[in-house]
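Okay, query.cif is below, mmCIF, C-alpha atoms:
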```cif
data_entry
loop_
_atom_site.label_atom_id
_atom_site.label_comp_id
_atom_site.auth_asym_id
_atom_site.auth_seq_id
_atom_site.Cartn_x
_atom_site.Cartn_y
_atom_site.Cartn_z
CA MET A 232 -10.41 -1.46 -8.32
CA SER A 233 -11.68 -1.17 -11.91
CA LEU A 234 -10.15 2.31 -12.27
CA ILE A 235 -6.68 1.27 -11.18
CA MET A 236 -6.76 -1.80 -13.44
CA ILE A 237 -7.77 0.43 -16.37
CA CYS A 238 -4.86 2.76 -15.56
CA GLY A 239 -2.51 -0.21 -15.44
CA LEU A 240 -3.76 -1.44 -18.82
CA LEU A 241 -3.37 2.01 -20.40
CA ASN A 242 0.13 2.31 -18.99
CA LEU A 243 1.02 -1.08 -20.50
CA ALA A 244 -0.37 0.01 -23.86
CA VAL A 245 1.65 3.24 -23.79
CA ASP A 246 4.86 1.38 -22.92
CA THR A 247 4.22 -1.12 -25.71
CA ARG A 248 3.64 1.68 -28.20
CA GLY A 249 6.84 3.38 -27.07
CA ILE A 250 8.85 0.21 -27.65
CA GLN A 251 7.32 -0.22 -31.10
CA VAL A 252 7.92 3.37 -32.20
CA SER A 253 11.42 3.63 -30.78
CA TRP A 254 12.91 0.21 -31.39
CA VAL A 255 11.01 -0.96 -34.50
CA ASP A 256 10.02 2.14 -36.47
CA HIS A 257 13.09 4.26 -35.64
CA PRO A 258 15.96 1.85 -34.97
CA SER A 259 18.71 4.28 -36.01
CA SER A 260 17.08 7.61 -36.83
CA ALA A 261 18.90 9.61 -34.16
CA PRO A 262 22.38 9.70 -32.63
CA GLY A 263 22.37 7.14 -29.87
CA GLY A 264 19.97 4.79 -31.60
CA SER A 265 16.51 3.74 -30.44
CA PHE A 266 17.13 4.47 -26.79
CA ALA A 267 18.05 8.09 -27.52
CA TYR A 268 14.98 8.44 -29.73
CA GLN A 269 12.75 7.15 -26.96
CA VAL A 270 14.25 9.49 -24.35
CA LEU A 271 14.56 12.64 -26.46
CA THR A 272 11.62 12.36 -28.90
CA TYR A 273 8.97 9.84 -27.87
CA THR A 274 8.73 11.12 -24.30
CA ARG A 275 7.35 14.44 -25.64
CA THR A 276 4.51 12.94 -27.67
CA ALA A 277 0.84 13.01 -26.70
CA ILE A 278 0.59 9.26 -26.10
CA ALA A 279 3.60 9.44 -23.78
CA SER A 280 1.82 12.18 -21.84
CA LEU A 281 -1.10 9.80 -21.37
CA GLY A 282 1.35 7.36 -19.84
CA TYR A 283 2.56 9.99 -17.38
CA VAL A 284 -1.01 10.68 -16.28
CA THR A 285 -1.81 6.98 -15.77
CA VAL A 286 1.35 6.46 -13.71
CA MET A 287 0.47 9.44 -11.53
CA LEU A 288 -3.08 8.14 -11.05
CA ILE A 289 -1.76 4.69 -10.09
CA GLU A 290 0.53 6.21 -7.47
CA LEU A 291 -2.28 8.40 -6.16
CA LEU A 292 -4.78 5.54 -5.95
CA THR A 293 -2.43 2.96 -4.45
CA ASN A 294 -0.97 5.25 -1.80
CA GLY A 295 -4.36 6.87 -1.21
CA THR A 296 -5.81 3.44 -0.47
CA GLN A 297 -3.11 2.83 2.13
CA ILE A 298 -3.82 6.19 3.77
CA TRP A 299 -7.54 5.35 3.74
CA ARG A 300 -6.84 2.09 5.60
CA LEU A 301 -4.71 4.05 8.06
CA SER A 302 -7.60 6.45 8.61
CA ILE A 303 -9.92 3.54 9.46
CA MET A 304 -7.40 2.13 11.93
CA TRP A 305 -6.94 5.38 13.85
CA ARG A 306 -10.43 6.89 13.48
CA VAL A 307 -11.18 6.59 17.22
CA SER A 308 -7.94 8.32 18.24
CA ARG A 309 -7.78 12.00 19.07
CA TYR A 310 -4.59 12.21 16.98
CA HIS A 311 -6.45 10.96 13.91
CA LEU A 312 -6.09 14.12 11.78
CA PHE A 313 -2.43 14.59 12.68
CA ILE A 314 -1.62 10.96 11.82
CA ILE A 315 -3.37 11.18 8.46
CA MET A 316 -1.77 14.52 7.64
CA ILE A 317 1.83 13.20 7.74
CA PRO A 318 1.61 10.61 4.92
CA SER A 319 -0.83 12.79 2.98
CA LEU A 320 1.68 15.66 2.82
CA ALA A 321 4.43 13.26 1.74
CA LEU A 322 2.21 11.87 -1.02
CA LEU A 323 1.24 15.38 -2.12
CA GLY A 324 4.90 16.40 -2.28
CA SER A 325 5.84 13.44 -4.48
CA ILE A 326 2.91 14.15 -6.81
CA VAL A 327 3.93 17.83 -7.13
CA ILE A 328 7.51 16.88 -8.00
CA GLU A 329 6.22 14.40 -10.59
CA ILE A 330 4.01 17.06 -12.18
CA VAL A 331 7.01 19.37 -12.45
CA GLU A 332 9.01 16.56 -14.10
CA ILE A 333 6.24 15.92 -16.61
CA CYS A 334 5.89 19.60 -17.48
CA ASN A 335 9.64 19.91 -18.06
CA ILE A 336 9.74 16.83 -20.28
CA ILE A 337 6.74 17.88 -22.40
CA SER A 338 8.03 21.44 -22.79
CA GLY A 339 11.36 20.16 -24.12
CA ARG A 340 13.36 20.99 -20.99
CA PRO A 341 13.73 17.57 -19.33
CA ILE A 342 15.47 17.81 -15.98
CA SER A 343 17.10 14.45 -16.76
CA THR A 344 19.82 16.46 -18.56
CA ASP A 345 20.54 18.42 -15.39
CA SER A 346 23.10 17.28 -12.84
CA GLN A 347 20.46 17.69 -10.15
CA TRP A 348 18.20 15.03 -11.68
CA PRO A 349 19.41 12.11 -9.49
CA VAL A 350 18.83 14.17 -6.35
CA ILE A 351 15.34 15.28 -7.44
CA ALA A 352 14.38 11.73 -8.41
CA ALA A 353 15.75 10.41 -5.11
CA VAL A 354 13.70 12.97 -3.17
CA ARG A 355 10.50 11.93 -4.95
CA GLN A 356 11.17 8.24 -4.43
CA GLY A 357 12.10 8.97 -0.82
CA MET A 358 8.73 10.64 -0.27
CA MET A 359 6.97 7.61 -1.71
CA MET A 360 9.01 5.30 0.52
CA PHE A 361 8.30 7.48 3.55
CA THR A 362 4.56 7.32 2.81
CA GLY A 363 4.61 3.53 2.73
CA LEU A 364 6.88 3.33 5.79
CA ILE A 365 4.79 5.62 7.98
CA VAL A 366 1.51 3.98 6.94
CA THR A 367 2.82 0.46 7.55
CA SER A 368 4.38 1.41 10.89
CA LEU A 369 1.29 3.20 12.22
CA ILE A 370 -1.11 0.44 11.13
CA SER A 371 1.11 -2.23 12.67
CA ALA A 372 1.46 -0.21 15.87
CA ARG A 373 -2.33 0.19 16.11
CA ILE A 374 -2.97 -3.53 15.66
CA ALA A 375 -0.29 -4.45 18.20
CA LEU A 376 -1.64 -1.90 20.71
CA VAL A 377 -5.24 -3.10 20.45
CA ARG A 378 -4.16 -6.74 20.64
CA ARG A 379 -2.06 -6.05 23.74
CA THR A 380 -4.94 -4.25 25.44
CA HIS A 381 -7.29 -7.08 24.52
CA ILE A 382 -4.96 -9.73 25.94
CA GLN A 383 -4.40 -7.79 29.17
CA THR A 384 -8.14 -7.40 29.65
CA MET A 385 -9.56 -10.72 28.47
CA GLY A 386 -6.65 -13.06 27.78
CA GLU A 387 -5.58 -14.87 24.62
CA SER A 388 -8.18 -15.69 21.96
CA ASP A 389 -8.24 -16.85 18.36
CA ILE A 390 -10.06 -13.70 17.32
CA SER A 391 -7.25 -11.42 18.47
CA ASN A 392 -4.50 -13.66 17.12
CA GLN A 393 -5.85 -13.75 13.56
CA TYR A 394 -5.58 -9.99 13.21
CA PHE A 395 -1.96 -10.09 14.31
CA SER A 396 -1.14 -11.85 11.02
CA ILE A 397 -2.14 -8.65 9.19
CA ILE A 398 1.09 -7.07 10.42
CA SER A 399 3.20 -9.62 8.56
CA MET A 400 1.10 -9.15 5.41
CA LEU A 401 1.55 -5.38 5.59
CA VAL A 402 5.30 -5.72 6.07
CA GLU A 403 5.54 -8.12 3.12
CA SER A 404 3.65 -5.80 0.76
CA PHE A 405 5.64 -2.75 1.90
CA ALA A 406 8.95 -4.62 1.64
CA LEU A 407 8.31 -5.31 -2.05
CA GLU A 408 7.65 -1.66 -2.79
CA PHE A 409 10.55 -0.55 -0.55
CA ILE A 410 13.08 -2.78 -2.35
CA TRP A 411 11.89 -1.55 -5.75
CA SER A 412 12.15 2.12 -4.77
CA THR A 413 15.61 1.50 -3.32
CA MET A 414 16.78 0.02 -6.61
CA ILE A 415 15.43 3.06 -8.50
CA ILE A 416 17.31 5.44 -6.22
CA THR A 417 20.49 3.36 -6.46
CA THR A 418 20.48 3.21 -10.27
CA ASN A 419 19.88 6.97 -10.43
CA PHE A 420 23.32 7.53 -8.93
CA TRP A 421 25.13 5.05 -11.17
CA PRO A 422 27.71 6.47 -13.61
CA ASP A 423 25.96 8.20 -16.48
CA ASN A 424 26.02 5.71 -19.33
CA VAL A 425 23.54 3.92 -21.54
CA ARG A 426 23.59 0.68 -19.55
CA ALA A 427 22.87 2.43 -16.24
CA SER A 428 20.03 4.43 -17.82
CA ALA A 429 18.54 1.28 -19.31
CA VAL A 430 18.58 -0.54 -15.96
CA ASN A 431 17.02 2.49 -14.28
CA ASP A 432 14.28 2.59 -16.93
CA VAL A 433 13.46 -1.07 -16.26
CA PHE A 434 12.82 -0.40 -12.58
CA ILE A 435 10.91 2.83 -13.27
CA ASN A 436 8.66 1.26 -15.92
CA LEU A 437 7.82 -1.70 -13.67
CA GLN A 438 7.19 0.38 -10.57
CA SER A 439 3.52 0.89 -11.46
CA SER A 440 3.05 -2.88 -11.64
CA ILE A 441 4.62 -3.29 -8.20
CA GLU A 442 2.30 -0.63 -6.80
CA ILE A 443 -0.72 -2.39 -8.32
CA ILE A 444 0.37 -5.68 -6.72
CA THR A 445 0.60 -3.92 -3.35
CA TYR A 446 -2.86 -2.47 -3.91
CA LEU A 447 -4.29 -5.89 -4.79
CA LEU A 448 -2.92 -7.32 -1.54
CA VAL A 449 -4.97 -4.71 0.34
CA VAL A 450 -8.04 -5.51 -1.75
CA TYR A 451 -7.54 -9.21 -1.03
CA ARG A 452 -7.48 -8.61 2.73
CA VAL A 453 -10.64 -6.52 2.52
CA SER A 454 -12.51 -8.97 0.26
CA THR A 455 -11.66 -11.95 2.51
CA ARG A 456 -12.73 -9.95 5.60
CA ARG A 457 -9.22 -10.15 7.03
CA ALA A 458 -8.75 -6.40 7.06
CA TRP A 459 -9.45 -4.05 9.95
CA GLU A 460 -12.95 -2.62 9.76
CA LYS A 461 -14.49 0.35 11.53
CA ASP A 462 -15.99 -1.83 14.28
CA THR A 463 -13.18 -4.38 14.59
CA GLU A 464 -11.87 -2.94 17.85
CA GLU A 465 -15.37 -3.04 19.36
CA LYS A 466 -15.76 -6.66 18.24
CA LEU A 467 -12.46 -7.66 19.83
CA THR A 468 -13.55 -6.21 23.17
CA SER A 469 -17.06 -7.72 23.08
CA LEU A 470 -16.62 -11.22 21.69
CA ARG A 471 -14.95 -12.58 24.81
CA TRP A 472 -17.61 -11.09 27.06
CA ASN A 473 -20.33 -12.62 24.91
CA ARG A 474 -18.59 -15.98 25.04
CA ASP A 475 -18.21 -15.79 28.81
CA ALA A 476 -21.88 -14.86 29.13
CA GLN A 477 -22.87 -17.87 27.05
CA ARG A 478 -20.71 -20.16 29.17
CA THR A 479 -22.21 -18.74 32.35
CA THR A 480 -25.71 -19.32 31.01
CA GLN A 481 -24.85 -22.89 30.02
CA LEU A 482 -23.28 -23.56 33.45
CA THR A 483 -26.33 -22.18 35.26
CA THR A 484 -28.65 -24.29 33.13
CA THR A 485 -26.59 -27.42 33.83
CA GLN A 486 -26.54 -26.78 37.58
CA THR A 487 -30.30 -26.22 37.60
CA SER A 488 -30.85 -29.50 35.74
CA ILE A 489 -28.69 -31.32 38.28
CA ARG A 490 -30.66 -29.87 41.16
CA ILE A 491 -33.96 -30.87 39.56
CA SER A 492 -32.65 -34.38 38.97
CA GLY A 493 -31.48 -34.50 42.58
CA ASP A 494 -34.93 -33.54 43.88
CA ALA A 495 -36.40 -36.53 42.11
CA PRO A 496 -33.84 -39.32 42.44
CA GLY A 497 -36.35 -41.95 41.46
CA ASP A 498 -37.01 -40.42 38.09
CA GLU A 499 -35.04 -41.81 35.20
CA VAL A 500 -34.61 -40.33 31.78
#
```
Take the structure in this file and express it as structure tokens.
Amino acid sequence: MSLIMICGLLNLAVDTRGIQVSWVDHPSSAPGGSFAYQVLTYTRTAIASLGYVTVMLIELLTNGTQIWRLSIMWRVSRYHLFIIMIPSLALLGSIVIEIVEICNIISGRPISTDSQWPVIAAVRQGMMMFTGLIVTSLISARIALVRRTHIQTMGESDISNQYFSIISMLVESFALEFIWSTMIITTNFWPDNVRASAVNDVFINLQSSIEIITYLLVVYRVSTRRAWEKDTEEKLTSLRWNRDAQRTTQLTTTQTSIRISGDAPGDEV
């Protein structure tokens, strides 16, 4: 958690420095004004490169945490490796595309000047959305499957119902990230003008903050012991049996006490 918060702080510092250099120090030093200076000049500086690295680390850590939770959910399944491989490959593909983008920008050949840029950016965002979608769907399916099996075997219980609320929390956190990525893809295909580029930059620059919020929701569930642990499924299948055993023991003890009292009707307590 400390690492991702440090990355978020560094990314904020880099963005702040970029605003200062572009809009305060160089308000009209290039054709197109401060925005053109930021896109064509500042993005190639060393401090901007630090920002690219922090954004990539944030994406890797946030999505890696989701894949880690997915691994815990499906660890007892024989399809465990196959399930983990699908979102991992999607995450790896998005990271590779981002590295290529960074190398082109730093080398002075930004692919943002190419007509294929909206398609490439949409593919990368689509991979990120697919990673979140497949992780959320598989985790929700696992929780629903275990809960259904538990109910069929032992009936309704508060223990099984409380984990069902995790599905809604997962959907809420994914929906936030999904909406943000959709807006990035949509603004990429807007007509090429300064206003469209500025709106797109707003969504892109705030995407790391949205990913951190999604990550903190996962941390919150884990810290409050509301997340799925390695032995959660075993607990769900054993708690009811333990409770029934305790009730049986209490019932036997009560019946024995009644019999003893019946053998000595003259005794009073």
| Leaving out Gly282 in chain A and any residue of its chain fewer than 2 positions from it, which residues lie within 9 Å of it when counting all atoms listed in the file, given as a PyMOL selection string? | chain A and resi 238+241-246+277-280+284-287
| Hey, what comes out of the PyMOL selection byres ((chain A and resi 435-441) around 8) on this file? Could you write it as a list in words? | Gly239, Asp246, Val286, Ile289, Glu290, Leu407, Glu408, Trp411, Ser412, Ile415, Asn431, Asp432, Val433, Phe434, Glu442, Ile443, Ile444 and Thr445 of chain A
| request: Taking the file above as input, evaluate the PyMOL selection byres ((chain A and resi 359) around 12) and report the hits as an MDAnalysis selection string. | output: chainID A and resid 287 290:291 293:295 297 318:329 352:358 360:366 405 408:409 411:413 415:416 438 442
| query | So how many Å separate CA of Ser454 in chain A and CA of Leu234 in chain A, to one decimal? | reply |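 Between CA of Ser454 in chain A and CA of Leu234 in chain A the gap works out to 17.0 Å.
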| message | Using Å and a single decimal, report how far CA of Ile397 in chain A sits from CA of Tyr451 in chain A. | response |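 We find that CA of Tyr451 in chain A and CA of Ile397 in chain A lie 11.6 Å from each other.
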| query | Could you work out how far CA of Ser371 in chain A lies from CA of Ile410 in chain A, giving the answer in Å with one decimal? | reply |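 Straight-line distance from CA of Ile410 in chain A to CA of Ser371 in chain A works out to 19.2 Å.
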| said: With the PyMOL selection byres ((chain A and resi 266) around 12) as the selection, what would be picked from this file? Answer as an MDAnalysis selection string, please. | reply: chainID A and resid 249:255 257:265 267:274 424:426 428:429 432
| With all atoms listed in the file as the basis for distance, which of A:Ser399, A:Ile333, A:Gly339, A:Leu292 is at the shortest distance from Ser233 in chain A? |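 Smallest separation from Ser233 in chain A among the options: A:Leu292.
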| task | Have a look at A:Ile370, A:Leu401, A:Met385, A:Ile235 and name the one nearest to Val449 in chain A; count all atoms listed in the file. | result |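 Comparing A:Ile370, A:Leu401, A:Met385, A:Ile235 against Val449 in chain A, the winner is A:Leu401.
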| query | When distances are computed from all atoms listed in the file, which of A:Val331, A:Leu281, A:Val430, A:Ile237 shows the smallest separation from Thr418 in chain A? | reply |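 Once distances to Thr418 in chain A are computed over all atoms listed in the file, the minimum belongs to A:Val430.
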Because some atoms of range 306-317 of chain A are absent here, can you restore all heavy atoms and send them as a short mmCIF file (atom, residue, chain, number, x, y, z; two decimals), in the frame of the given file?
```
data_model
loop_
_atom_site.label_atom_id
_atom_site.label_comp_id
_atom_site.auth_asym_id
_atom_site.auth_seq_id
_atom_site.Cartn_x
_atom_site.Cartn_y
_atom_site.Cartn_z
N ARG A 306 -9.28 5.97 13.48
CA ARG A 306 -10.43 6.89 13.48
C ARG A 306 -10.93 7.22 14.88
O ARG A 306 -11.53 8.28 15.10
CB ARG A 306 -11.58 6.29 12.66
CG ARG A 306 -12.09 4.96 13.17
CD ARG A 306 -13.14 4.38 12.24
NE ARG A 306 -14.34 5.17 12.25
CZ ARG A 306 -15.36 4.94 13.10
NH1 ARG A 306 -15.28 3.96 13.98
NH2 ARG A 306 -16.44 5.68 13.06
N VAL A 307 -10.70 6.35 15.86
CA VAL A 307 -11.18 6.59 17.22
C VAL A 307 -10.16 7.34 18.06
O VAL A 307 -10.44 7.68 19.21
CB VAL A 307 -11.54 5.27 17.91
CG1 VAL A 307 -12.68 4.58 17.19
CG2 VAL A 307 -10.33 4.35 18.00
N SER A 308 -8.99 7.64 17.50
CA SER A 308 -7.94 8.32 18.24
C SER A 308 -8.10 9.83 18.11
O SER A 308 -8.53 10.34 17.07
CB SER A 308 -6.56 7.88 17.74
OG SER A 308 -5.54 8.64 18.35
N ARG A 309 -7.71 10.54 19.14
CA ARG A 309 -7.78 12.00 19.07
C ARG A 309 -6.67 12.59 18.20
O ARG A 309 -6.71 13.77 17.86
CB ARG A 309 -7.69 12.60 20.48
CG ARG A 309 -6.48 12.17 21.27
CD ARG A 309 -6.51 12.78 22.66
NE ARG A 309 -5.46 12.24 23.51
CZ ARG A 309 -5.25 12.64 24.77
NH1 ARG A 309 -6.04 13.56 25.28
NH2 ARG A 309 -4.30 12.10 25.48
N TYR A 310 -5.67 11.77 17.88
CA TYR A 310 -4.59 12.21 16.98
C TYR A 310 -4.86 11.81 15.54
O TYR A 310 -3.93 11.79 14.71
CB TYR A 310 -3.27 11.60 17.44
CG TYR A 310 -2.92 11.92 18.88
CD1 TYR A 310 -3.01 10.93 19.85
CD2 TYR A 310 -2.52 13.19 19.25
CE1 TYR A 310 -2.68 11.21 21.17
CE2 TYR A 310 -2.21 13.48 20.57
CZ TYR A 310 -2.29 12.48 21.53
OH TYR A 310 -1.98 12.77 22.84
N HIS A 311 -6.09 11.50 15.23
CA HIS A 311 -6.45 10.96 13.91
C HIS A 311 -6.02 11.90 12.78
O HIS A 311 -5.36 11.49 11.83
CB HIS A 311 -7.96 10.71 13.87
CG HIS A 311 -8.46 10.28 12.53
ND1 HIS A 311 -9.09 11.15 11.66
CD2 HIS A 311 -8.41 9.09 11.89
CE1 HIS A 311 -9.42 10.51 10.56
NE2 HIS A 311 -9.02 9.27 10.66
N LEU A 312 -6.39 13.18 12.86
CA LEU A 312 -6.09 14.12 11.78
C LEU A 312 -4.59 14.33 11.63
O LEU A 312 -4.08 14.40 10.51
CB LEU A 312 -6.79 15.46 12.05
CG LEU A 312 -8.31 15.44 11.98
CD1 LEU A 312 -8.87 16.82 12.30
CD2 LEU A 312 -8.78 14.99 10.60
N PHE A 313 -3.87 14.41 12.74
CA PHE A 313 -2.43 14.59 12.68
C PHE A 313 -1.75 13.38 12.04
O PHE A 313 -0.82 13.53 11.23
CB PHE A 313 -1.88 14.83 14.08
CG PHE A 313 -0.38 14.94 14.13
CD1 PHE A 313 0.25 16.09 13.69
CD2 PHE A 313 0.38 13.89 14.63
CE1 PHE A 313 1.64 16.19 13.72
CE2 PHE A 313 1.76 14.00 14.68
CZ PHE A 313 2.39 15.15 14.23
N ILE A 314 -2.20 12.19 12.37
CA ILE A 314 -1.62 10.96 11.82
C ILE A 314 -1.86 10.88 10.32
O ILE A 314 -0.97 10.50 9.55
CB ILE A 314 -2.18 9.74 12.55
CG1 ILE A 314 -1.64 9.70 13.99
CG2 ILE A 314 -1.85 8.45 11.82
CD1 ILE A 314 -2.25 8.61 14.84
N ILE A 315 -3.06 11.23 9.88
CA ILE A 315 -3.37 11.18 8.46
C ILE A 315 -2.64 12.26 7.67
O ILE A 315 -2.26 12.08 6.51
CB ILE A 315 -4.89 11.29 8.25
CG1 ILE A 315 -5.60 10.15 8.94
CG2 ILE A 315 -5.24 11.28 6.76
CD1 ILE A 315 -5.17 8.78 8.49
N MET A 316 -2.38 13.39 8.32
CA MET A 316 -1.77 14.52 7.64
C MET A 316 -0.32 14.22 7.22
O MET A 316 0.12 14.64 6.14
CB MET A 316 -1.78 15.75 8.55
CG MET A 316 -1.29 17.03 7.90
SD MET A 316 -1.33 18.42 9.05
CE MET A 316 -3.07 18.41 9.50
N ILE A 317 0.41 13.45 8.02
CA ILE A 317 1.83 13.20 7.74
C ILE A 317 2.02 12.46 6.41
O ILE A 317 2.72 12.95 5.51
CB ILE A 317 2.48 12.44 8.91
CG1 ILE A 317 2.45 13.30 10.17
CG2 ILE A 317 3.91 12.05 8.55
CD1 ILE A 317 2.98 12.59 11.39
#
```
